[in-house]
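*Asks:* I'm passing along target34.txt; it holds compact mmCIF, N, CA and C atoms.
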# COMPACT_ATOMS: atom_id res chain seq x y z
N MET A 1419 0.84 -1.18 0.00
CA MET A 1419 0.00 0.00 0.00
C MET A 1419 0.88 1.24 0.00
N LEU A 1420 0.48 2.23 -0.77
CA LEU A 1420 1.22 3.49 -0.86
C LEU A 1420 0.59 4.50 0.08
N LYS A 1421 1.40 5.05 0.95
CA LYS A 1421 0.90 6.06 1.88
C LYS A 1421 1.64 7.36 1.62
N VAL A 1422 0.92 8.41 1.33
CA VAL A 1422 1.50 9.73 1.09
C VAL A 1422 0.90 10.68 2.11
N GLU A 1423 1.76 11.31 2.89
CA GLU A 1423 1.32 12.27 3.90
C GLU A 1423 1.45 13.66 3.32
N LEU A 1424 0.45 14.50 3.49
CA LEU A 1424 0.43 15.82 2.89
C LEU A 1424 0.30 16.92 3.94
N PRO A 1425 1.35 17.17 4.73
CA PRO A 1425 1.27 18.27 5.70
C PRO A 1425 1.46 19.62 5.02
N GLY A 1426 1.01 20.67 5.65
CA GLY A 1426 1.25 22.03 5.14
C GLY A 1426 0.44 22.36 3.90
N MET A 1427 -0.79 21.88 3.81
CA MET A 1427 -1.57 22.09 2.60
C MET A 1427 -1.79 23.56 2.28
N ASP A 1428 -1.73 24.43 3.26
CA ASP A 1428 -1.94 25.85 3.02
C ASP A 1428 -0.71 26.54 2.42
N ARG A 1429 0.44 25.86 2.35
CA ARG A 1429 1.68 26.50 1.91
C ARG A 1429 2.03 26.25 0.45
N HIS A 1430 1.32 25.40 -0.25
CA HIS A 1430 1.67 25.09 -1.63
C HIS A 1430 0.43 25.25 -2.50
N GLU A 1431 0.49 26.16 -3.47
CA GLU A 1431 -0.68 26.51 -4.25
C GLU A 1431 -1.12 25.40 -5.20
N VAL A 1432 -0.20 24.76 -5.88
CA VAL A 1432 -0.56 23.79 -6.91
C VAL A 1432 -0.91 22.43 -6.32
N PHE A 1433 -0.07 21.92 -5.43
CA PHE A 1433 -0.26 20.58 -4.91
C PHE A 1433 -1.01 20.56 -3.58
N GLY A 1434 -1.18 21.70 -2.97
CA GLY A 1434 -1.87 21.74 -1.69
C GLY A 1434 -1.02 21.21 -0.55
N CYS A 1435 0.29 21.14 -0.73
CA CYS A 1435 1.17 20.67 0.32
C CYS A 1435 2.57 21.19 0.07
N SER A 1436 3.41 21.08 1.06
CA SER A 1436 4.80 21.48 0.88
C SER A 1436 5.75 20.29 1.03
N ILE A 1437 5.23 19.17 1.52
CA ILE A 1437 6.06 17.96 1.71
C ILE A 1437 5.26 16.74 1.25
N LEU A 1438 5.91 15.87 0.51
CA LEU A 1438 5.34 14.56 0.21
C LEU A 1438 6.21 13.55 0.93
N ARG A 1439 5.66 12.89 1.90
CA ARG A 1439 6.42 11.89 2.64
C ARG A 1439 6.04 10.53 2.08
N VAL A 1440 6.99 9.89 1.43
CA VAL A 1440 6.74 8.60 0.78
C VAL A 1440 7.39 7.51 1.63
N GLU A 1441 6.57 6.61 2.11
CA GLU A 1441 7.09 5.52 2.94
C GLU A 1441 7.53 4.32 2.11
N ASN A 1442 6.98 4.17 0.91
CA ASN A 1442 7.34 3.05 0.06
C ASN A 1442 7.66 3.59 -1.32
N VAL A 1443 8.94 3.87 -1.56
CA VAL A 1443 9.37 4.49 -2.81
C VAL A 1443 9.08 3.58 -4.00
N LYS A 1444 9.27 2.29 -3.85
CA LYS A 1444 9.00 1.35 -4.95
C LYS A 1444 7.53 1.39 -5.35
N ALA A 1445 6.62 1.47 -4.37
CA ALA A 1445 5.20 1.54 -4.68
C ALA A 1445 4.88 2.83 -5.44
N LEU A 1446 5.49 3.95 -5.03
CA LEU A 1446 5.29 5.22 -5.73
C LEU A 1446 5.79 5.09 -7.17
N HIS A 1447 6.99 4.56 -7.33
CA HIS A 1447 7.58 4.40 -8.66
C HIS A 1447 6.70 3.50 -9.53
N ASP A 1448 6.22 2.39 -8.97
CA ASP A 1448 5.37 1.47 -9.73
C ASP A 1448 4.07 2.14 -10.16
N ARG A 1449 3.48 2.94 -9.27
CA ARG A 1449 2.23 3.64 -9.61
C ARG A 1449 2.46 4.68 -10.70
N MET A 1450 3.61 5.38 -10.62
CA MET A 1450 3.92 6.36 -11.66
C MET A 1450 4.12 5.67 -13.00
N GLU A 1451 4.77 4.52 -12.99
CA GLU A 1451 5.00 3.77 -14.23
C GLU A 1451 3.67 3.36 -14.87
N VAL A 1452 2.73 2.89 -14.05
CA VAL A 1452 1.41 2.51 -14.55
C VAL A 1452 0.70 3.75 -15.12
N MET A 1453 0.78 4.87 -14.41
CA MET A 1453 0.12 6.10 -14.85
C MET A 1453 0.67 6.56 -16.19
N VAL A 1454 1.99 6.56 -16.33
CA VAL A 1454 2.61 7.01 -17.57
C VAL A 1454 2.29 6.04 -18.71
N SER A 1455 2.31 4.75 -18.45
CA SER A 1455 2.00 3.76 -19.49
C SER A 1455 0.55 3.86 -19.96
N ALA A 1456 -0.35 4.21 -19.05
CA ALA A 1456 -1.77 4.29 -19.39
C ALA A 1456 -2.14 5.62 -20.06
N ASP A 1457 -1.19 6.54 -20.15
CA ASP A 1457 -1.45 7.85 -20.74
C ASP A 1457 -1.76 7.72 -22.22
N THR A 1458 -2.96 8.10 -22.62
CA THR A 1458 -3.35 8.04 -24.03
C THR A 1458 -3.45 9.44 -24.64
N ARG A 1459 -3.29 10.47 -23.82
CA ARG A 1459 -3.41 11.85 -24.31
C ARG A 1459 -2.06 12.50 -24.58
N GLY A 1460 -0.97 11.81 -24.31
CA GLY A 1460 0.35 12.36 -24.58
C GLY A 1460 0.85 13.34 -23.54
N LEU A 1461 0.31 13.27 -22.32
CA LEU A 1461 0.76 14.17 -21.27
C LEU A 1461 2.15 13.82 -20.77
N TRP A 1462 2.47 12.54 -20.74
CA TRP A 1462 3.76 12.07 -20.24
C TRP A 1462 4.56 11.51 -21.39
N PRO A 1463 5.80 11.98 -21.58
CA PRO A 1463 6.62 11.45 -22.67
C PRO A 1463 6.95 9.98 -22.46
N GLN A 1464 6.85 9.21 -23.52
CA GLN A 1464 7.18 7.78 -23.46
C GLN A 1464 8.65 7.63 -23.86
N THR A 1465 9.51 7.54 -22.87
CA THR A 1465 10.94 7.41 -23.13
C THR A 1465 11.42 6.10 -22.54
N ALA A 1466 12.72 5.89 -22.59
CA ALA A 1466 13.29 4.67 -22.01
C ALA A 1466 13.08 4.64 -20.49
N HIS A 1467 12.96 5.81 -19.89
CA HIS A 1467 12.73 5.93 -18.44
C HIS A 1467 11.49 6.80 -18.23
N PRO A 1468 10.29 6.23 -18.38
CA PRO A 1468 9.07 7.04 -18.37
C PRO A 1468 8.80 7.80 -17.07
N THR A 1469 9.28 7.30 -15.94
CA THR A 1469 8.98 7.99 -14.68
C THR A 1469 9.85 9.22 -14.47
N TRP A 1470 10.89 9.39 -15.26
CA TRP A 1470 11.73 10.58 -15.12
C TRP A 1470 10.91 11.85 -15.30
N ALA A 1471 9.95 11.84 -16.20
CA ALA A 1471 9.12 13.04 -16.43
C ALA A 1471 8.34 13.40 -15.18
N VAL A 1472 7.85 12.41 -14.46
CA VAL A 1472 7.09 12.67 -13.23
C VAL A 1472 8.01 13.23 -12.16
N TYR A 1473 9.17 12.60 -11.98
CA TYR A 1473 10.13 13.11 -10.99
C TYR A 1473 10.57 14.53 -11.35
N ALA A 1474 10.79 14.80 -12.63
CA ALA A 1474 11.20 16.13 -13.06
C ALA A 1474 10.10 17.15 -12.77
N MET A 1475 8.85 16.78 -13.02
CA MET A 1475 7.74 17.68 -12.73
C MET A 1475 7.68 18.01 -11.24
N LEU A 1476 7.88 17.01 -10.40
CA LEU A 1476 7.89 17.25 -8.95
C LEU A 1476 9.04 18.18 -8.56
N ARG A 1477 10.24 17.94 -9.12
CA ARG A 1477 11.38 18.82 -8.82
C ARG A 1477 11.13 20.24 -9.30
N TRP A 1478 10.56 20.41 -10.49
CA TRP A 1478 10.27 21.76 -11.01
C TRP A 1478 9.30 22.50 -10.11
N ASN A 1479 8.50 21.78 -9.38
CA ASN A 1479 7.52 22.39 -8.50
C ASN A 1479 7.97 22.45 -7.04
N GLY A 1480 9.26 22.29 -6.82
CA GLY A 1480 9.83 22.52 -5.50
C GLY A 1480 9.98 21.31 -4.61
N PHE A 1481 9.65 20.11 -5.10
CA PHE A 1481 9.82 18.90 -4.30
C PHE A 1481 11.17 18.29 -4.63
N ALA A 1482 11.92 17.89 -3.62
CA ALA A 1482 13.24 17.31 -3.84
C ALA A 1482 13.43 16.13 -2.89
N PRO A 1483 14.16 15.11 -3.34
CA PRO A 1483 14.42 13.99 -2.44
C PRO A 1483 15.29 14.43 -1.27
N VAL A 1484 15.08 13.81 -0.14
CA VAL A 1484 15.87 14.13 1.06
C VAL A 1484 16.88 13.05 1.29
In structure tokens, what does this structure look like?
*Replies:*
Amino acid sequence: MLKVELPGMDRHEVFGCSILRVENVKALHDRMEVMVSADTRGLWPQTAHPTWAVYAMLRWNGFAPV
């Protein structure tokens, strides 16, 4: 099961949070991979590493690994 904690919802305009606490990184990665593979509208680029676009989007919006 993937658990994401979203504290500080009043501090981030787009995501409604300032911290994403991921307890199971593999589960997050697997869910992102499924999301990108299921994309039929071309929102996520289909590259050799499809989840990189998701991680890049999170970094561009101020989220960084600790």
*Asks:* One number please: atom N of Ile1437 of chain A to atom CA of Leu1476 of chain A, in Å, one decimal.
*Replies:*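 Separation between atom N of Ile1437 of chain A and atom CA of Leu1476 of chain A: 11.0 Å.
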*Asks:* Mind the document's chain letters and residue numbers, and return as a ChimeraX atom specification the residues of segment 1454-1484 of chain A that DSSP labels alpha helix (DSSP H).
*Replies:* /A:1454-1455,1470-1478
*Asks:* For the atom pair atom CA of Ala1456 of chain A and atom CA of Thr1469 of chain A, what is the interatomic distance in Å to one decimal place?
*Replies:*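 Pair atom CA of Ala1456 of chain A / atom CA of Thr1469 of chain A returns 12.3 Å.
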*Asks:* Would you mind reading off the distance between atom CA of Met1453 of chain A and atom CA of Val1472 of chain A, one decimal, in Å?
*Replies:*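 We find that atom CA of Met1453 of chain A and atom CA of Val1472 of chain A lie 9.7 Å from each other.
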*Asks:* Starting from 5 Å padding per side, set up an axis-aligned box that covers all listed atoms of segment 1464-1468 of chain A and hand over centre and edge lengths in Å, one decimal, as lines of an AutoDock Vina configuration file.
*Replies:*
center_x = 10.1
center_y = 6.9
center_z = -20.5
size_x = 16.4
size_y = 14.6
size_z = 16.8
*Asks:* Taking 4 positions as the minimum chain separation for residues in the same chain, which residues sit within 8 Å of segment 1465-1468 of chain A when counting all atoms listed in the file? Answer as a PyMOL selection string.
*Replies:* chain A and resi 1450-1451+1454-1455+1472-1473
*Asks:* Please determine the residues with any atom at most 12 Å from (16.6, 13.0, 0.5) (coordinates as given in the file, with only C-alpha atoms counting) and report them as a PyMOL selection string.
*Replies:* chain A and resi 1437-1440+1443+1481-1484
